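Reviewing the structure listed below.
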Amino acid sequence: MGRLQFRLLALAAALTLAACGGGSNSGSPVGTSPPTQPQPTPDSGCNGSCATAQSLLNPTDVQTIIAQAAFEAQAQGKPAIIAVVDRVGNVLAVYKMAGAPALTTITSQRGVSGGLENLQVPGELAAIAKAVTGAYLSSEGNAFSTRTASQIVQEHFNPGDLGTPGGPLFGVQFSQLPCSDLSQRFATGAGVGAGPHRSPLGLSADPGGFPLYKGGTPVGGVGVAADGIYGLDPDVQVIDHDIDEYIAMAATYGYGAPAARRADTITAGGITLRFTDVEYAGLATQPASAPAYTALTGSLLKVPGYSDGAILAGTAFGQTNSGIRPDTTLYPGTDAFVIDDGNGNNRYTPKAGTDGSNALTATEVQTLVQQALMIANRARAQIRNPLGSQARVSVSVVDTNGVALAVARTRDAPIFGTDVSLQKARTAAFNSGAYAANDLATATAPTPLMTPAAADYLADAVDLNAGTVKFTTTTTSLLNTYVTRLRSFLGLPNALGDGAIAFTDRAGGNMARPFYPDGVDGNPPGPFSYPLAQWSPFKVGQQLDLVYNRLAVHVAFYLQQVGLTVSLNGTTLPALGDVAQNCTGIQRLPNGIQIFPGSVPIYRGNVLVGGIGVSGDGVDQDDMVSFLGLYNAGVALAGKIANAPPAMRADQLAPQGSHLRYVQCPQAPFLDTNASNVCEGK
């Protein structure tokens, strides 16, 4: 038995349910109902092929989920906002019980100021973000909750275990952003349409969001906002009594994740992941006894940009109208899926680059994706059951202008990886280019009242009685200061300005941690991060600073849409349009950046021509699929494209006496061979 598993069992035996982080509450009922039946689906046996045209949430399902959540919320004495989404992020309903908190406060409860810390946002946005997170992180092979997300995005893995590296998906919370160019939007209002769709706050680390399953396949997610806190779980070794999680768990009854696919049956780096701190038997109610939806006295909410205030049926994943469908022509023999506009048109058919005479050709792009998918299909998944499953990933290729040249997926890859793979590809190409420093210095601001090329950290004062929201700039973080820090850190006066170094996301992520090297507590931060005393998952450094202003504008836009008067630094804002589909004001980074592994830059000789990003089934697997996919494509194309020349790779650098990493491939990673060290020498 591992050290963490032993400690968890010991704590579970020794502790009563305790209040801890994430908006927990200790004074409400717990475990007052008789034991209920076990997980509705003990083991589905599904491994990527169970989804059919009938695998969807219908309006009756949505009503049942809401009614079960409301029943538990009433018993706990905590009125809630409940959001239900389908697997590609369509919001199927947002329901508000009478007395539910209108606002929720973003906080890590670490005493950090700046970033998103201490901002008040509408509870419905928090609930939607949690529901999207449960849906997007899950698949037929793994069921992850927002508690799982909390465990894998903090500065230590596990959170609370000092001296350990950051979480394997460190930084994933700033994906699926409301300004992403990949995420689909509705031309007017809201409804149901091809995804993937955006999340109003990115992915959530606050317990209270779960995936929803039917017949062993994920069909959506549910999220709850009841306690007024949008936070995280700072110590996984303490069993929480989190009201949002209790209510959301009740919502999943009859739609629960298969027991053999839950996060708590999956390990990463030898550590068992977390799924929930409450089971059905610990609820204050028996969800199956919940009154009918028609007996509820709350109301459906209209959430501009997300929901028109009705209960809708979801889409069936894998069908054209979901936005993700099987490929029939481009990537033969790989069981590939592509991103569709909902009308049978591939949004990312392979195309040539836009960046001059050395640009990638459409054939090169198609070959590169094909080879990456072939590697993924041979690879052993890290975070998927049953053991021995093949990896399920998304693959994106971009040129040096950040233009998406192709996006494709293997079967049943989790949805979050679509946006993340594109972030990763763009980040590798951006950091490796000669243009990055200038782009950071000249980024545009979303409104005239915000500082160009900066993050204007805001405090807000919301007065619902007066119908006003007052945003005030507290600190301005200039984006080009990260260039100065990096150059000093590396001892390279032209870094990010000469294209001399090839940076992967693993290398860039090394420098985006609050300690360098990662996990060495007490060391100074990497140049893309804040020191730990100023750092939290809601204030990480460059990654958030690049997108912060757009997130703020999106929230301000939403507040205006629900009838509030919004001011910034004492000036009433004019009527805002929804945030543009560019998160950074930099054309090469329209959906932001990513800072956990899974990308490599693409070279023609020693000339940078783009980037490939991979995301889905373990970060070492992501590294391998991108690195070997590019290597094999180069072989197939007679050396026309390749990985960076070894002398240019970031692992040649050893700032503060510790080498940066380029890629890290798993040992014996394939299902069809015992070959090891498969990336060595390439």
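We label chains A, B, ... in the order they appear in the structure tokens, count residues from 1 in each chain, and number ligands from 1 in the order shown.
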Counting only C-alpha atoms, what are the residues of stretch 619-669 of chain A within 9 Å of stretch 609-612 of chain A, and for each of them which pair of atoms is the nearest and at what distance in Å, to one decimal? Sort the table by chain and rising number, as JSON lines.
```
{"residue": "A:Ser626", "atom": "CA", "partner": "A:Ile612", "partner_atom": "CA", "distance": 6.1}
{"residue": "A:Phe627", "atom": "CA", "partner": "A:Ile612", "partner_atom": "CA", "distance": 8.5}
{"residue": "A:Gly629", "atom": "CA", "partner": "A:Ile612", "partner_atom": "CA", "distance": 9.0}
{"residue": "A:Leu630", "atom": "CA", "partner": "A:Ile612", "partner_atom": "CA", "distance": 7.9}
{"residue": "A:Ile641", "atom": "CA", "partner": "A:Val609", "partner_atom": "CA", "distance": 8.7}
```
Selection near A:Ala668, 10 Å with only C-alpha atoms, sequence-local residues under 5 positions removed, as a short mmCIF file (atom, residue, chain, number, x, y, z; two decimals) with N, CA and C atoms, in the first residue's frame:
```cif
data_model
loop_
_atom_site.label_atom_id
_atom_site.label_comp_id
_atom_site.auth_asym_id
_atom_site.auth_seq_id
_atom_site.Cartn_x
_atom_site.Cartn_y
_atom_site.Cartn_z
N ALA A 379 0.07 3.71 -27.67
CA ALA A 379 0.56 4.05 -26.33
C ALA A 379 -0.37 3.54 -25.24
N ARG A 380 0.23 3.19 -24.13
CA ARG A 380 -0.52 2.76 -22.95
C ARG A 380 -0.98 3.99 -22.17
N THR A 673 4.78 -3.58 -27.83
CA THR A 673 6.21 -3.88 -27.75
C THR A 673 6.71 -3.52 -26.36
N ASN A 674 7.79 -4.13 -25.94
CA ASN A 674 8.41 -3.80 -24.65
C ASN A 674 9.52 -2.77 -24.80
N ALA A 675 9.62 -2.14 -25.93
CA ALA A 675 10.67 -1.15 -26.16
C ALA A 675 10.64 -0.07 -25.09
N SER A 676 11.83 0.35 -24.66
CA SER A 676 11.95 1.41 -23.65
C SER A 676 12.86 2.51 -24.19
N ASN A 677 12.90 3.62 -23.47
CA ASN A 677 13.72 4.76 -23.89
C ASN A 677 13.44 5.13 -25.34
N VAL A 678 12.16 5.19 -25.68
CA VAL A 678 11.77 5.31 -27.09
C VAL A 678 12.06 6.69 -27.68
#
```
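Take atom CA of A:Leu103 and atom CA of A:Pro122: the distance between them is 4.5 Å.
For the choices A:Ala75, A:Val278, A:Leu486, A:Val393, the atom-to-atom distance to A:Asp623 is smallest for A:Val393 when using only C-alpha atoms.
Compared by their closest atoms to A:Asp518, and using only C-alpha atoms, the residues A:Phe596, A:Asn118, A:Asn643, A:Ala428 rank with A:Phe596 nearest.
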Contact residues around stretch 449-462 of chain A with only C-alpha atoms at 7 Å, ignoring same-chain residues under 6 positions, as a list in words
Gly114, Gly115, Leu119, Gln120, Leu440, Ala441, Thr442, Ala443, Thr468, Val469, Lys470, Phe471, Thr472, Thr473, Thr474, Thr475, Thr476, Ser477, Leu478, Leu479, Asp545, Leu546, Tyr548 and Asn549 of chain A
For C-alpha atoms, I'd like the residues from the last selection saved as a PDB file, in the first residue's frame.
```pdb
ATOM      1  CA  GLY A 114      -4.298  40.168  -6.904  1.00  0.00           C
ATOM      2  CA  GLY A 115      -5.116  37.937  -9.821  1.00  0.00           C
ATOM      3  CA  LEU A 119     -13.284  38.825  -6.840  1.00  0.00           C
ATOM      4  CA  GLN A 120     -17.035  38.336  -6.490  1.00  0.00           C
ATOM      5  CA  LEU A 440       4.418  40.661 -25.212  1.00  0.00           C
ATOM      6  CA  ALA A 441       5.460  44.310 -25.273  1.00  0.00           C
ATOM      7  CA  THR A 442       2.779  45.325 -27.773  1.00  0.00           C
ATOM      8  CA  ALA A 443      -0.243  43.248 -26.728  1.00  0.00           C
ATOM      9  CA  THR A 468     -23.834  48.566  -9.165  1.00  0.00           C
ATOM     10  CA  VAL A 469     -20.466  46.912  -9.527  1.00  0.00           C
ATOM     11  CA  LYS A 470     -17.370  49.010  -8.994  1.00  0.00           C
ATOM     12  CA  PHE A 471     -14.098  47.600 -10.338  1.00  0.00           C
ATOM     13  CA  THR A 472     -10.914  49.281  -9.150  1.00  0.00           C
ATOM     14  CA  THR A 473      -7.405  48.622 -10.449  1.00  0.00           C
ATOM     15  CA  THR A 474      -5.183  47.595  -7.550  1.00  0.00           C
ATOM     16  CA  THR A 475      -2.008  46.518  -9.384  1.00  0.00           C
ATOM     17  CA  THR A 476      -0.734  46.510 -12.942  1.00  0.00           C
ATOM     18  CA  SER A 477       1.521  43.671 -14.091  1.00  0.00           C
ATOM     19  CA  LEU A 478       3.343  44.490 -17.336  1.00  0.00           C
ATOM     20  CA  LEU A 479       3.719  41.498 -19.640  1.00  0.00           C
ATOM     21  CA  ASP A 545      -1.709  37.793 -16.716  1.00  0.00           C
ATOM     22  CA  LEU A 546      -1.980  37.179 -20.445  1.00  0.00           C
ATOM     23  CA  TYR A 548      -6.743  38.353 -17.079  1.00  0.00           C
ATOM     24  CA  ASN A 549      -8.158  41.482 -18.703  1.00  0.00           C
TER      25      ASN A 549
END
```
DSSP-assigned alpha helix (DSSP H) among stretch 293-475 of chain A, expressed as a PyMOL selection string
chain A and resi 362-378+416-431+436-441
Find the residues around A:Thr410 up to 7 Å (only C-alpha atoms counted), leave out those fewer than 3 positions away in its own chain, and share them as a PDB file with N, CA and C atoms, in the first residue's frame.
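Contents of selection-v2.pdb, as written:
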```
ATOM      1  N   ASP A 335      -8.839   5.559 -36.437  1.00  0.00           N
ATOM      2  CA  ASP A 335     -10.071   5.746 -35.662  1.00  0.00           C
ATOM      3  C   ASP A 335     -10.164   7.173 -35.146  1.00  0.00           C
ATOM      4  N   ALA A 336      -9.844   8.119 -36.015  1.00  0.00           N
ATOM      5  CA  ALA A 336      -9.774   9.526 -35.627  1.00  0.00           C
ATOM      6  C   ALA A 336     -11.155  10.167 -35.590  1.00  0.00           C
ATOM      7  N   PHE A 337     -11.246  11.224 -34.791  1.00  0.00           N
ATOM      8  CA  PHE A 337     -12.425  12.082 -34.734  1.00  0.00           C
ATOM      9  C   PHE A 337     -11.975  13.508 -35.026  1.00  0.00           C
ATOM     10  N   LEU A 373      -1.392  10.497 -34.167  1.00  0.00           N
ATOM     11  CA  LEU A 373      -2.513   9.630 -33.813  1.00  0.00           C
ATOM     12  C   LEU A 373      -2.082   8.165 -33.772  1.00  0.00           C
ATOM     13  N   ARG A 392      -5.908   8.116 -25.212  1.00  0.00           N
ATOM     14  CA  ARG A 392      -6.923   8.876 -25.954  1.00  0.00           C
ATOM     15  C   ARG A 392      -6.558  10.355 -25.850  1.00  0.00           C
ATOM     16  N   VAL A 393      -6.237  10.988 -26.960  1.00  0.00           N
ATOM     17  CA  VAL A 393      -5.683  12.340 -26.925  1.00  0.00           C
ATOM     18  C   VAL A 393      -6.270  13.208 -28.033  1.00  0.00           C
ATOM     19  N   SER A 394      -6.067  14.511 -27.881  1.00  0.00           N
ATOM     20  CA  SER A 394      -6.305  15.485 -28.943  1.00  0.00           C
ATOM     21  C   SER A 394      -4.958  15.983 -29.449  1.00  0.00           C
ATOM     22  N   ALA A 413     -11.308  10.720 -26.415  1.00  0.00           N
ATOM     23  CA  ALA A 413     -10.410  11.617 -25.691  1.00  0.00           C
ATOM     24  C   ALA A 413     -11.237  12.620 -24.887  1.00  0.00           C
TER      25      ALA A 413
END
```
Kindly assemble as a tab-separated table a list of the stretch 224-256 of chain A residues that lie within 9 Å of stretch 138-151 of chain A, each paired with its nearest atom pair and their distance in Å to one decimal, using only C-alpha atoms, sorted first by chain and then by ascending residue number.
```
residue	atom	partner	partner_atom	distance
A:Gly231	CA	A:Ser150	CA	8.8
A:Leu232	CA	A:Ser150	CA	5.6
A:Asp233	CA	A:Ser150	CA	6.0
A:Pro234	CA	A:Ser150	CA	8.0
A:Asp235	CA	A:Gln151	CA	8.4
A:Val236	CA	A:Gln151	CA	7.1
A:Glu245	CA	A:Arg147	CA	8.7
```
Computed gap from atom CA of A:Lys539 to atom CA of A:Gly526 is 14.2 Å
Pick from A:Gly657, A:Pro537, A:Pro291, A:Gly402: nearest to A:Gln109, with only C-alpha atoms counted?
A:Pro537
Using only C-alpha atoms, which residues sit within 9 Å of A:Gly342 once same-chain residues fewer than 4 positions away are excluded, as JSON, numbers by chain?
{"A": [193, 194, 195, 319, 320, 321, 322, 323, 324, 346]}
Point-to-point distance from atom CA of A:Thr361 to atom CA of A:Ala425, Å rounded to tenths:
16.8 Å
